Each structure stands twice: as structure tokens, then as C-alpha cells.
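Trainee: Here's a structure for you.
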Amino acid sequence: MSEKATAAAKNAKKPVARKEMTMWQWTWKEMKRNYVAYLMCAPYYLIFTTFTILPVLLSLFFSFTIFNMIEAPQFIFLDNYMRLFLDDDIFIEAVANTLIFAVMTGPVSYLLSLFTAWFINELPPKIRAVVTLIFYAPSLSTGMTFIWKVIFDGDSYGYANSILMRLDLIQEPIQFFKNEAYVMPLCIVVALWTSLGVSFLSFIGGLQTVPKDQFEAAAVDGIKNRWQELWYVTLPNMKQQMLFGAVMAITQSFNFGTIVNDLAGFPSVNYAAHTIMHHLQDYGGQRFEVGYSSAIATVLFIMMVGSNMLVNKVLNKVGQ
Amino acid sequence: MSKKLRTRNHKVVLNRSAGGDMGIAMFLLIFGAFMFIPMYYAVIQSLKPLDELWNYPPKFYVVNPTLSNFGDMFASMTSSWVPFSRYIFNTVLISVAGTFGNLFLGSLAAYVVSKMKFPGRGLLFGAVRYSLMFTATVTGIVNYLTMSAIGLVDTYWAIIIPAWGATLGMFLMRQFMTSGISDAVLESARLDGSSELRTYWTIAMPMVKPAWLTLIVYSFKDLWNTGSSTYIQSEQLKTFNYAIQQIVSGGLARAGVGAAATIVMLIVPVLVFVISQSNIVETMSTSGMKD
């Protein structure tokens, strides 16, 4: 072994300082050193990317094309969007209905979840567990919406009709789910009934993390009642859950199409409860117009993510 | 209002006005009735014998409760060429396979993005965090194309594999691991020569049981409610929820059976939830949106 060789070996072993490398060299070195991390999360991220990220990107791409799944997609730039917003009256109605649905269910569901969770927080644990189950159970099974069909059944055997007729408020049974005036409000009520889900549990969990001594300190400092306590102590302590709950409530509020399908059928009477989701179902699932339905999906995506970002920004200011 | 604090059980009791207590009790009573009464009707309806279902006006109680609707549920579908038990089998298979795949792959990825430091982990978690902001409605069309391209259409896999990459459970698992596992414990395991995979399985996972149960409840609930899906066309692969929709569309003659089916449909996720409730609440206390 010559001196030269050992010197070279020494040189090679000497670690290169981070500041001597470019950012990319450093990153690449770190990536190689941590290859196990990538291997371990690869299966999950492969599936997640394929079925959640890729579809959003591909939808955006297809939305600029005509594509019937047989011939290759043909580029038409913004024609799909022009057709959506200028030529498709039913789509405009669907956007309006979707927004009504979202505005009526999102904030109401959020506030109901928050206040119910707060109100039951001081109950003894065993009772609280039972009450939690009563409020949470309707969101556990989508099949339960069936019972609303029985309550608001279109003939006189329905509970609602039979009560209204005995009170002489109506003479003929109302076809609730076949009547344009009733179908939207009823679907919203049922949607609210099923909406105390993940955000509700998140608030219950969040409320239990608020340190008890802060309440005592606040009481000594002159907090007069529970409402001040909520505003000055509780909410600032559970801001993270409030942000998470908002995301859950907003995303959910755009996604009540299935309830409309179950209650009012598809398509609903005179498109009275037609939402963007139904329009998507119509063009994507039944007419196989991939380009056009991708434009619909992209609009829905922008509405969902956009309103989430907006509300997150607002909620971030709570307590500041 | 008096600012004097009362004490009970050696703890400071905060100022609570009687009026506020009354108001809250009223709210919980009214809202609770709204939530509970439809479920009560479903139970009543499922216990009514046929002649009581045809009673006019409909009664809010049952005179001669019977379990025959639950038996008829199985009989009513035998006329179709797929036995009713097959629908239940399909739903159970999809729910169990999907949930456990999601538990293992999701928790593995959650461990990596919460407890290992490497370039790109912020991006990886950010993608999951932002994906909570939209739903499968948006991704459905392209997913159908993907599924048909790789030959998953009309197989159980079309439901099971996407469930393995579900985001909510993974997100909650990651948040719980970030605050629930101390880095020092993992570091000492690594110094002892434990591989990352081994550290994940023998040290991290036993510490996050509440997050497991939470992931199981959410994943199971979603899969259990799988209804008619565009990915599945064969009748013998369709689910329990799909079969219920068929029964229910039969109108009042089937109302008792329909109610019985929805009760069965509800009871399973309720049981799963009741068993794991306290663990879920513990997990949800770390469910914040922060990185």
C-alpha cells in the first residue's frame, strides 16, 4: 500500500461539509441516506397518488379536451367551460343548488357540532358517552335516510301527511319528494340530521384538551359567565380542532348529492335539487362525455378547495 | 351577578347562571329529539307486523312487536338470483379487507412523515392534508378510466384498493403520532440497532392504539356504507347497502323489511363506535390542522 492510496482513502472518507455542497447535492445525499423512508411510505403514497392526486390533474387536462374514451382526446381549450357557463342552464341551476346546500348545511352543521359538543362537555362522562352516540349515530349509516322517506311518505300513510291531515291543515296528502317546493328544504334537513360527524367528534376531543386550571384562573380574573369563558378561554385553546372541523364540515357540505338521490331519486323532480354532483353523475356516469364532465369536476374541485382556503383564512383570525 | 366562587368536591365551580343551564337543557332536549325520533321510528317500524304497517293513521308505537321483518329480510331477496347472504358477505369482505389495508399502509406512511426526517416529507404530508378539502366525487370519472385501464372494474379490488389510500385515517394517525410518541424513545431504539421497520412495528404502533381504533372506525364506516358503485356491475358482487335500496324502493309493503335492514345496517358501525368511543375522543384531541 502506497502512501498515496491511504491518503486518497482518507480523503474519500472525510465528510463533505453541508455548506460546500449545492442545495441539490445535499438533498440528493439526504435522499439516498433516507431511502428506507421512501420505501416504507411508497405503498400508501402510490395508491393515494393514483386515486386522489392524479385524477385531479388528469381532470384538469381532460377538461380542455373532447374525450369519449374510444378515440384519443382532442384539444379544444376552453370550449367545455364556455358551454358549461353559457349554454348549460341546468348546470347553472346545479351550481346555485350546490351553493344553497353548502351555505345552509356547512355553517349550520359546524355551529350545531360546536355548540352541542360544548354543551355536553360538562355532563358526567357516562351520560356524555350516551348523548354523544345519539347525536353521532345518524351519520354512521347512509341507509338511515330511508326512515325520512317513511316519515314524509307521499300518501296518507306517511307520518307527516297523516298528522297534517288530522290537524286539517291539508286535505290531500302532499307528495313531499315529488314537489319542487319541498324537495330542497327536506333534503337540507335530512343532510343536517346526518351531519354531526367527524367535526363533532373533533370538537368533543378538543374540548377535553383545554387545561382545567385556565378556567379557574379566568374565573378569578373576572370572567363572568360561560359565554365569556367560551370566547376568551375555550375557543382559543381549541383553534386547531376548529380549523380541522371547518374543513370537514365544508367538504361534507358539497357532498350531499347521495342523500338527494336516496330521497328524491335521480334526476330530482324538475331538477329542483339537482347539484353539481348530479350533473357530474349525468355526464360522466351515464353519457360518458369525459371532457365535459372533467370540466364539471374541476369546477367542483375549485369550489371545494377555494371555500376551504377562504374559511381557513377567516378562522385563523379567531382570537387574534 | 355574584362573582363569588362556590366549591364542590374541592374544585372551583365556575359561574353558571340557572337561566343558561335551562337554555342549554332546552336546546339539547329539542335538538336531541330531532336526532333521536327518526331512529326511534326506524326501530318501531322494523318491529311492526304487516297489519300494523297498514294501520291508518300510522301509530307512533307498536302493539304486537315481532321480529318477522328481520326474517323476511332474508326471504324477500331470495326471489332474486343472488342470495341475500351474498350481499352481506360482500359488504363484510370489502369493509374488513379495505380497513386493514388502510390501517397498515396508512400507519406506515403516517410513521414515516411524522417521525423520520428526509427531504420531501413536508410535501408528502401537505398533499394528504390538502386532499381532505375535496371528495371522491371529484375524482370519480378519472378513477373509472384508471380502474378499467388496469382491469379492476367489476372486481372487489375496485373498492378495496382505493380504500387503502384513504386520507382521513392516515391524517389523524399522523397528528396523533406527532404529539403522542416522543422522539427520544425512537432515537434510543435506533441507537440499539433497531431497523426503522422494526421500530415502527414494535415501538411506535403499540403507543398509538387510540389512533388505530379511530382509523378503523372511519374506514370501516365508509366501506360498510358502500352502495351502488359505478365500478361494480355484477349482481353477485354488489353490497348490502345496494340491496337495501332495492328493498326500500318496494314501497310500504316492504317498509317493515326496509326498516329492519336499515337497523342491521346501522347496528354494526354503532357497535364498532361504542367499543372505541373513548379512544376516538382521545385521538380527536390531536386532530388539529397544523403541520
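Just remember, in the C-alpha cells the first chain shown is A, the second B, etc., residues are 1-based per chain, and ligands are 1-based in the order shown.
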Do a neighbour search on stretch 188-205 of chain A at 9 Å with only C-alpha atoms, toss out local chain neighbours closer than 2 positions, and write the hits as an MDAnalysis selection string.

Mentor: (chainID A and resid 101 104:106 108:110 112:114 116:118 120:121 132 135:142 144:145 148 183:186 207:209 238 241:242 244:249 252:253 256 259:260) or (chainID B and resid 34:35 218 280:288)

Trainee: Can you tell me which residues surround A:Thr298 at a distance of at most 10 Å, considering only C-alpha atoms, apart from same-chain residues fewer than 6 positions away, and format the answer as a list in words?

Mentor: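 Contacts, with the query itself left out: Val56, Leu57, Leu58, Ser59, Leu60, Phe61, Phe62, Ser63, Tyr81, Tyr292 and Met304 of chain A; Val138 and Thr139 of chain B.
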
Trainee: Counting only C-alpha atoms, which residue out of A:Phe176, A:Ser294, A:Gly143, A:Ser156 sits closest to B:Ala259?

Mentor: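 Between A:Phe176, A:Ser294, A:Gly143, A:Ser156, the residue approaching B:Ala259 most closely is A:Gly143.
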
Trainee: In stretch 46-186 of chain B, what's helix (DSSP H, G or I) per DSSP? Answer as JSON, numbers by chain?

Mentor: {"B": [46, 47, 50, 51, 52, 53, 68, 69, 70, 71, 72, 73, 74, 75, 76, 84, 85, 86, 87, 88, 89, 90, 91, 92, 93, 94, 95, 96, 97, 98, 99, 100, 101, 102, 103, 104, 105, 106, 107, 108, 109, 110, 111, 112, 113, 114, 115, 121, 122, 123, 124, 125, 126, 127, 128, 129, 130, 131, 136, 137, 138, 139, 140, 141, 142, 143, 144, 145, 146, 147, 148, 149, 157, 158, 159, 160, 161, 162, 163, 164, 168, 169, 170, 171, 172, 173, 174, 175, 176, 177, 178, 179, 180, 183, 184, 185, 186]}

Trainee: Please list as a VMD selection string every residue within 8 Å of stretch 264-268 of chain A, counting only C-alpha atoms and excluding residues in the same chain fewer than 5 positions away.

Mentor: chain A and resid 177 to 178 183 273 to 274 278

Trainee: Using only C-alpha atoms, please write the residues we just selected to a file, as a JSON list (two decimals), in the first residue's frame.

Mentor:
```json
[["chain", "number", "residue", "atom", "x", "y", "z"],
["A", 177, "PHE", "CA", -90.33, 14.39, -2.60],
["A", 178, "LYS", "CA", -92.12, 14.97, -5.89],
["A", 183, "VAL", "CA", -87.72, 18.70, -2.04],
["A", 273, "ALA", "CA", -82.49, 19.54, -6.06],
["A", 274, "HIS", "CA", -80.00, 18.99, -8.89],
["A", 278, "HIS", "CA", -75.68, 15.08, -10.05]]
```
